[in-house]
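S.K.: Below is the structure I would like to discuss, written out as structure tokens.
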2 protein chains.
Amino acid sequence: MRVEIVKKVLQSNDNAANENRARFDAAGVTCINLLGGAGCGKTTLLEATLPRLTDGLRIAVFEGDLATTRDAERVAALGVPAVQLLTDGGCHLTATLVQEGLQRIAPEELDLLIVENVGNLICPASFDLGEHARIAVLSVAEGHDKPVKYPLMFTLCEAIIVNKIDMLSLSDFDMAAFQRAVTGLNQKARIFQVSCKTGEGMDGWISWLESELRNR
Amino acid sequence: MRVEIVKKVLQSNDNAANENRARFDAAGVTCINLLGGAGCGKTTLLEATLPRLTDGLRIAVFEGDLATTRDAERVAALGVPAVQLLTDGGCHLTATLVQEGLQRIAPEELDLLIVENVGNLICPASFDLGEHARIAVLSVAEGHDKPVKYPLMFTLCEAIIVNKIDMLSLSDFDMAAFQRAVTGLNQKARIFQVSCKTGEGMDGWISWLESELRNR
């Protein structure tokens with residue numbers, strides 16, 4: 001019975017996600033779903049990325065959060081339009097919640113829409129939002145074993161940002177073990193080692209993102 | 001309709017949690033629910049804590065995980081009985097899953113049962129397992145704003161472990177802001193600043209835990 005309810009929720013989400021994707025495609029906008037645990041640095045990644053992309057690109061950000069508008073305020077401070085999607089305590093965004101955001105900013109006015117999901121390595125991975133690509137973010141402080149323990153997020157993504165590499169010297173993070181674990185789940189995902197704080201590694205990630213936007 | 005389903009799931013969980021608590025009380029065992037995001041150091045905290053508690057105490061650990069038995073193996077390596085509770089992709093433990101664990105290790109054989117929840121700052125906080133106390137773990141790498149952004153976990157807990165303080169010099173974690181945020185949600189929670197890696201701060205946490213066990 002419980003499984004059946006879950007399936008119905010996911011089916012209804014998938015229908016809304018397919019509507020979103022069709023709308024994005026018709027409008028020529030690329031939608032990216034940014035996922036990762038609480039505190040892995042998703043908003044900081046946006047703060048380090050968006051100023052380098054804005055040249056001529058029309059960008060907006062949807063910020064998923066349980067209760068506050070803090071992340072949307074950080075994005076808006078960069079001069080990028082931001083819409084807060086509040087889940088009211090819920091642990092993931094849904095395609096329907098994204099549709100509410102699209103009532104505030106129409107995809108026809110954009111080239112790139114980034115949806116920052118709720119900070120959670122688990123539930124958001126099960127919910128298609130209609131995105132074209134998923135980016136998973138992990139901080140080295142979280143440990144290299146996370147792909148094995150939380151496989152879905154690292155299986156369903158086009159790129160992985162290993163963030164806070166400025167902390168590598170103080171952590172036990174084993175990059176080779178991490179890369180092996182990812183390869184066991186997902187051969188196509190590109191892995192970028194970055195520090196949003198020092199800027200190290202950001203060039204590779206920005207180039208990849210720009211080429212994704214050009215090739216879509 | 002969706003809210004009603006959620007309410008029914010929580011009601012059924014609460015009934016099982018109350019059964020668990022009654023069983024723990026009758027057996028004279030203290031049950032602790034250990035919560036926190038993925039990679040905050042919950043299992044490492046157990047590795048640093050259990051060897052200091054074992055003197056005469058009968059302890060077992062239930063390890064909540066999505067898919068692997070890695071954490072249970074780490075606890076068993078300490079000589080402490082461990083039962084893996086696999087959620088099959090689910091993002092939190094339930095009181096019913098704890099009951100399955102109790103079929104493997106009876107509470108009557110124990111003084112202390114520690115249940116390590118799934119790594120997730122959100123969903124586990126909504127599910128009472130029948131525990132007597134909740135311990136929330138946060139790594140300084142996750143940021144001091146987490147109580148504001150994920151309030152339930154920090155509202156419903158008796159103690160908070162701020163872990164990985166050996167990384168403080170490389171992080172922007174503002175301990176005073178964190179303490180203010182916690183106090184705004186929860187006046188009773190004790191906050192322990194520790195590094196499971198260096199051992200710093202562990203004495204205060206161990207003393208508190210031992211006094212909790214004596215006073216129950």
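Following the order of the structure tokens, chains are lettered A, B, ..., residues in each are numbered from 1, and ligands are numbered from 1.
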Got a sec: who's within 10 Å of range 177-180 of chain A, counting only C-alpha atoms, leaving out chain neighbours fewer than 4 positions off, as a list in words?
M.R.: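 Here the qualifying residues turn out to be Val140, Gly143, His144, Asp145, Lys146, Pro147, Val148, Val162, Phe173, Gly184, Leu185, Asn186, Gln187, Arg190 and Ile191 of chain A.
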S.K.: Write out, as an mmCIF file, in the first residue's frame, the residues just selected, with N, CA, C and O atoms.
M.R.:
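Result went into again-v2.cif, see below:
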```
data_model
loop_
_atom_site.group_PDB
_atom_site.id
_atom_site.type_symbol
_atom_site.label_atom_id
_atom_site.label_comp_id
_atom_site.auth_asym_id
_atom_site.auth_seq_id
_atom_site.Cartn_x
_atom_site.Cartn_y
_atom_site.Cartn_z
ATOM 1 N N VAL A 140 34.595 17.841 0.395
ATOM 2 C CA VAL A 140 35.549 16.803 0.814
ATOM 3 C C VAL A 140 35.376 16.463 2.291
ATOM 4 O O VAL A 140 35.688 15.351 2.718
ATOM 5 N N GLY A 143 33.428 13.185 3.072
ATOM 6 C CA GLY A 143 34.035 11.856 2.967
ATOM 7 C C GLY A 143 33.872 11.235 1.589
ATOM 8 O O GLY A 143 32.871 11.436 0.910
ATOM 9 N N HIS A 144 34.882 10.458 1.194
ATOM 10 C CA HIS A 144 34.897 9.888 -0.163
ATOM 11 C C HIS A 144 33.968 8.691 -0.320
ATOM 12 O O HIS A 144 33.767 8.186 -1.416
ATOM 13 N N ASP A 145 33.387 8.210 0.794
ATOM 14 C CA ASP A 145 32.531 7.018 0.705
ATOM 15 C C ASP A 145 31.088 7.345 0.325
ATOM 16 O O ASP A 145 30.257 6.446 0.216
ATOM 17 N N LYS A 146 30.771 8.604 0.116
ATOM 18 C CA LYS A 146 29.365 8.976 -0.085
ATOM 19 C C LYS A 146 28.718 8.375 -1.341
ATOM 20 O O LYS A 146 27.544 8.010 -1.293
ATOM 21 N N PRO A 147 29.418 8.229 -2.475
ATOM 22 C CA PRO A 147 28.753 7.599 -3.627
ATOM 23 C C PRO A 147 28.285 6.169 -3.327
ATOM 24 O O PRO A 147 27.240 5.736 -3.815
ATOM 25 N N VAL A 148 29.061 5.450 -2.532
ATOM 26 C CA VAL A 148 28.673 4.078 -2.200
ATOM 27 C C VAL A 148 27.459 4.081 -1.271
ATOM 28 O O VAL A 148 26.544 3.271 -1.414
ATOM 29 N N VAL A 162 33.438 18.240 -6.658
ATOM 30 C CA VAL A 162 34.033 17.927 -5.357
ATOM 31 C C VAL A 162 34.554 19.252 -4.814
ATOM 32 O O VAL A 162 35.556 19.785 -5.297
ATOM 33 N N PHE A 173 39.839 12.586 2.969
ATOM 34 C CA PHE A 173 39.215 12.321 1.678
ATOM 35 C C PHE A 173 40.218 11.701 0.704
ATOM 36 O O PHE A 173 41.283 12.265 0.444
ATOM 37 N N GLY A 184 32.121 3.282 -10.739
ATOM 38 C CA GLY A 184 31.312 2.067 -10.560
ATOM 39 C C GLY A 184 29.826 2.306 -10.745
ATOM 40 O O GLY A 184 29.070 1.370 -11.033
ATOM 41 N N LEU A 185 29.405 3.554 -10.582
ATOM 42 C CA LEU A 185 27.974 3.877 -10.682
ATOM 43 C C LEU A 185 27.630 4.554 -11.993
ATOM 44 O O LEU A 185 26.509 4.438 -12.498
ATOM 45 N N ASN A 186 28.589 5.311 -12.528
ATOM 46 C CA ASN A 186 28.253 6.303 -13.538
ATOM 47 C C ASN A 186 29.508 6.611 -14.333
ATOM 48 O O ASN A 186 30.406 7.314 -13.862
ATOM 49 N N GLN A 187 29.602 6.054 -15.549
ATOM 50 C CA GLN A 187 30.824 6.260 -16.339
ATOM 51 C C GLN A 187 30.874 7.628 -17.012
ATOM 52 O O GLN A 187 31.927 8.099 -17.398
ATOM 53 N N ARG A 190 31.358 13.793 -15.389
ATOM 54 C CA ARG A 190 32.625 14.515 -15.264
ATOM 55 C C ARG A 190 32.794 14.923 -13.812
ATOM 56 O O ARG A 190 31.823 15.333 -13.165
ATOM 57 N N ILE A 191 34.003 14.789 -13.280
ATOM 58 C CA ILE A 191 34.272 15.180 -11.901
ATOM 59 C C ILE A 191 35.168 16.415 -11.903
ATOM 60 O O ILE A 191 36.222 16.409 -12.551
#
```
S.K.: Near range 40-56 of chain A, counting only C-alpha atoms, which residues have an atom at most 8 Å away, once you skip same-chain residues fewer than 2 positions from it, shown as a VMD selection string?
M.R.: (chain A and resid 34 to 38 58 to 59 71 74 to 75 78 80 116 137 to 139 142 163 to 164 196 199 202 206 210) or (chain B and resid 141 to 142)
S.K.: Show which residues sit within 8 Å of Asp14 in chain A, as a tab-separated table (two decimals) with all heavy atoms, in the first residue's frame. Count only C-alpha atoms, and ignore same-chain residues fewer than 3 positions away.
M.R.:
```
chain	number	residue	atom	x	y	z
A	10	LEU	N	5.37	9.74	-7.39
A	10	LEU	CA	6.44	9.86	-8.38
A	10	LEU	C	5.87	9.98	-9.79
A	10	LEU	O	6.39	10.72	-10.61
A	10	LEU	CB	7.39	8.65	-8.27
A	10	LEU	CG	8.33	8.68	-7.07
A	10	LEU	CD1	9.13	7.39	-6.99
A	10	LEU	CD2	9.28	9.87	-7.11
A	11	GLN	N	4.78	9.25	-10.08
A	11	GLN	CA	4.18	9.32	-11.41
A	11	GLN	C	3.66	10.73	-11.66
A	11	GLN	O	3.88	11.31	-12.73
A	11	GLN	CB	3.04	8.29	-11.51
A	11	GLN	CG	2.44	8.21	-12.90
A	11	GLN	CD	3.51	7.88	-13.96
A	11	GLN	OE1	4.22	6.90	-13.85
A	11	GLN	NE2	3.64	8.74	-14.96
A	17	ALA	N	7.22	16.95	-14.54
A	17	ALA	CA	8.59	17.14	-15.02
A	17	ALA	C	8.62	17.12	-16.55
A	17	ALA	O	9.33	17.93	-17.17
A	17	ALA	CB	9.49	16.04	-14.45
A	18	ASN	N	7.86	16.22	-17.15
A	18	ASN	CA	7.82	16.16	-18.61
A	18	ASN	C	7.21	17.44	-19.20
A	18	ASN	O	7.68	17.93	-20.23
A	18	ASN	CB	7.07	14.91	-19.07
A	18	ASN	CG	7.90	13.65	-18.81
A	18	ASN	OD1	9.13	13.72	-18.74
A	18	ASN	ND2	7.22	12.52	-18.63
A	95	ALA	N	8.61	18.74	-9.30
A	95	ALA	CA	8.40	19.42	-10.58
A	95	ALA	C	7.24	20.40	-10.48
A	95	ALA	O	7.22	21.44	-11.15
A	95	ALA	CB	8.15	18.37	-11.67
A	127	PHE	N	13.46	12.78	-7.61
A	127	PHE	CA	12.43	13.63	-8.21
A	127	PHE	C	12.98	14.41	-9.40
A	127	PHE	O	13.74	15.36	-9.26
A	127	PHE	CB	11.88	14.60	-7.15
A	127	PHE	CG	11.03	13.91	-6.13
A	127	PHE	CD1	11.60	13.22	-5.07
A	127	PHE	CD2	9.64	13.89	-6.26
A	127	PHE	CE1	10.81	12.54	-4.14
A	127	PHE	CE2	8.85	13.23	-5.35
A	127	PHE	CZ	9.43	12.54	-4.28
A	128	ASP	N	12.55	13.97	-10.60
A	128	ASP	CA	12.86	14.67	-11.84
A	128	ASP	C	12.14	16.02	-11.81
A	128	ASP	O	10.95	16.08	-11.49
A	128	ASP	CB	12.34	13.80	-13.00
A	128	ASP	CG	12.66	14.39	-14.37
A	128	ASP	OD1	13.37	15.40	-14.44
A	128	ASP	OD2	12.18	13.81	-15.37
A	129	LEU	N	12.85	17.09	-12.09
A	129	LEU	CA	12.21	18.41	-12.13
A	129	LEU	C	11.96	18.86	-13.57
A	129	LEU	O	11.38	19.93	-13.78
A	129	LEU	CB	13.09	19.44	-11.41
A	129	LEU	CG	13.48	19.11	-9.97
A	129	LEU	CD1	14.33	20.23	-9.38
A	129	LEU	CD2	12.24	18.86	-9.11
```
S.K.: Measuring atom to atom with only C-alpha atoms, identify which of B:Arg134, B:Lys197, B:Arg104, B:Arg21 is nearest to chain A.
M.R.: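 Of B:Arg134, B:Lys197, B:Arg104, B:Arg21, the one nearest chain A is B:Lys197, counting only C-alpha atoms.
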S.K.: At what distance in Å, to one decimal, does CA of Cys31 in chain A lie from CA of Arg214 in chain A?
M.R.: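 Between CA of Arg214 in chain A and CA of Cys31 in chain A the gap works out to 13.1 Å.
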S.K.: Give me every strand (DSSP E or B) residue in range 38-115 of chain B, going by DSSP on the backbone, as a PyMOL selection string.
M.R.: chain B and resi 59-65+82-86+112-115
S.K.: Considering only C-alpha atoms, return as number ranges by chain whatever protein or nucleic-acid residues lie within 8 Å of Asp166 in chain B, sequence-local ones (same chain, fewer than 5 positions apart) excluded.
M.R.: A: 170; B: 195, 197-198
S.K.: What does the file look like for those residues with N, CA, C and O atoms, as a PDB file, in the first residue's frame?
M.R.:
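Final file, result-v1.pdb:
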```pdb
ATOM      1  N   LEU A 170      43.371  18.752   5.651  1.00  0.00           N
ATOM      2  CA  LEU A 170      42.866  18.425   6.993  1.00  0.00           C
ATOM      3  C   LEU A 170      41.855  17.281   6.967  1.00  0.00           C
ATOM      4  O   LEU A 170      41.309  16.913   7.994  1.00  0.00           O
TER       5      LEU A 170
ATOM      6  N   SER B 195      36.456  17.348  18.290  1.00  0.00           N
ATOM      7  CA  SER B 195      37.094  16.766  17.114  1.00  0.00           C
ATOM      8  C   SER B 195      37.270  15.285  17.411  1.00  0.00           C
ATOM      9  O   SER B 195      38.065  14.912  18.279  1.00  0.00           O
ATOM     10  N   LYS B 197      38.671  13.357  15.597  1.00  0.00           N
ATOM     11  CA  LYS B 197      39.967  12.984  15.042  1.00  0.00           C
ATOM     12  C   LYS B 197      41.086  13.224  16.060  1.00  0.00           C
ATOM     13  O   LYS B 197      41.923  12.356  16.296  1.00  0.00           O
ATOM     14  N   THR B 198      41.069  14.403  16.700  1.00  0.00           N
ATOM     15  CA  THR B 198      42.147  14.729  17.643  1.00  0.00           C
ATOM     16  C   THR B 198      41.757  14.390  19.082  1.00  0.00           C
ATOM     17  O   THR B 198      42.612  14.362  19.950  1.00  0.00           O
TER      18      THR B 198
END
```
S.K.: Write out as a PyMOL selection string the residues lying within 7 Å of Ala125 in chain B, counting only C-alpha atoms and excluding same-chain residues fewer than 3 positions away.
M.R.: chain B and resi 122+152-153
S.K.: In Å to one decimal, how far is CA of Val182 in chain A from CA of Val98 in chain A?
M.R.: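 Between CA of Val98 in chain A and CA of Val182 in chain A the gap is 28.4 Å.
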S.K.: I'd like to know which of B:Thr183, B:Ser126, B:Ala106, B:Glu63 is closest to Gly90 in chain A, using only C-alpha atoms.
M.R.: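 Of B:Thr183, B:Ser126, B:Ala106, B:Glu63, the one nearest Gly90 in chain A, counting only C-alpha atoms, is B:Ser126.
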S.K.: I need the residues in range 11-191 of chain B that are alpha helix (DSSP H) according to DSSP; give them as a ChimeraX atom specification.
M.R.: /B:11-27,42-53,70-76,95-102,146-149,151-155,175-185
S.K.: Give me, as an MDAnalysis selection string, all polymer residues having an atom no more than 8 Å from Pro107 in chain B, counting only C-alpha atoms and skipping those fewer than 2 positions away in the same chain.
M.R.: chainID B and resid 23:24 27 29 102 105 109:111 113
S.K.: For chain B, which of A:Val61, A:Leu86, A:Ala16, A:Ala26 is the closest residue, counting only C-alpha atoms?
M.R.: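 Of the candidates, the smallest distance to chain B is held by A:Leu86.
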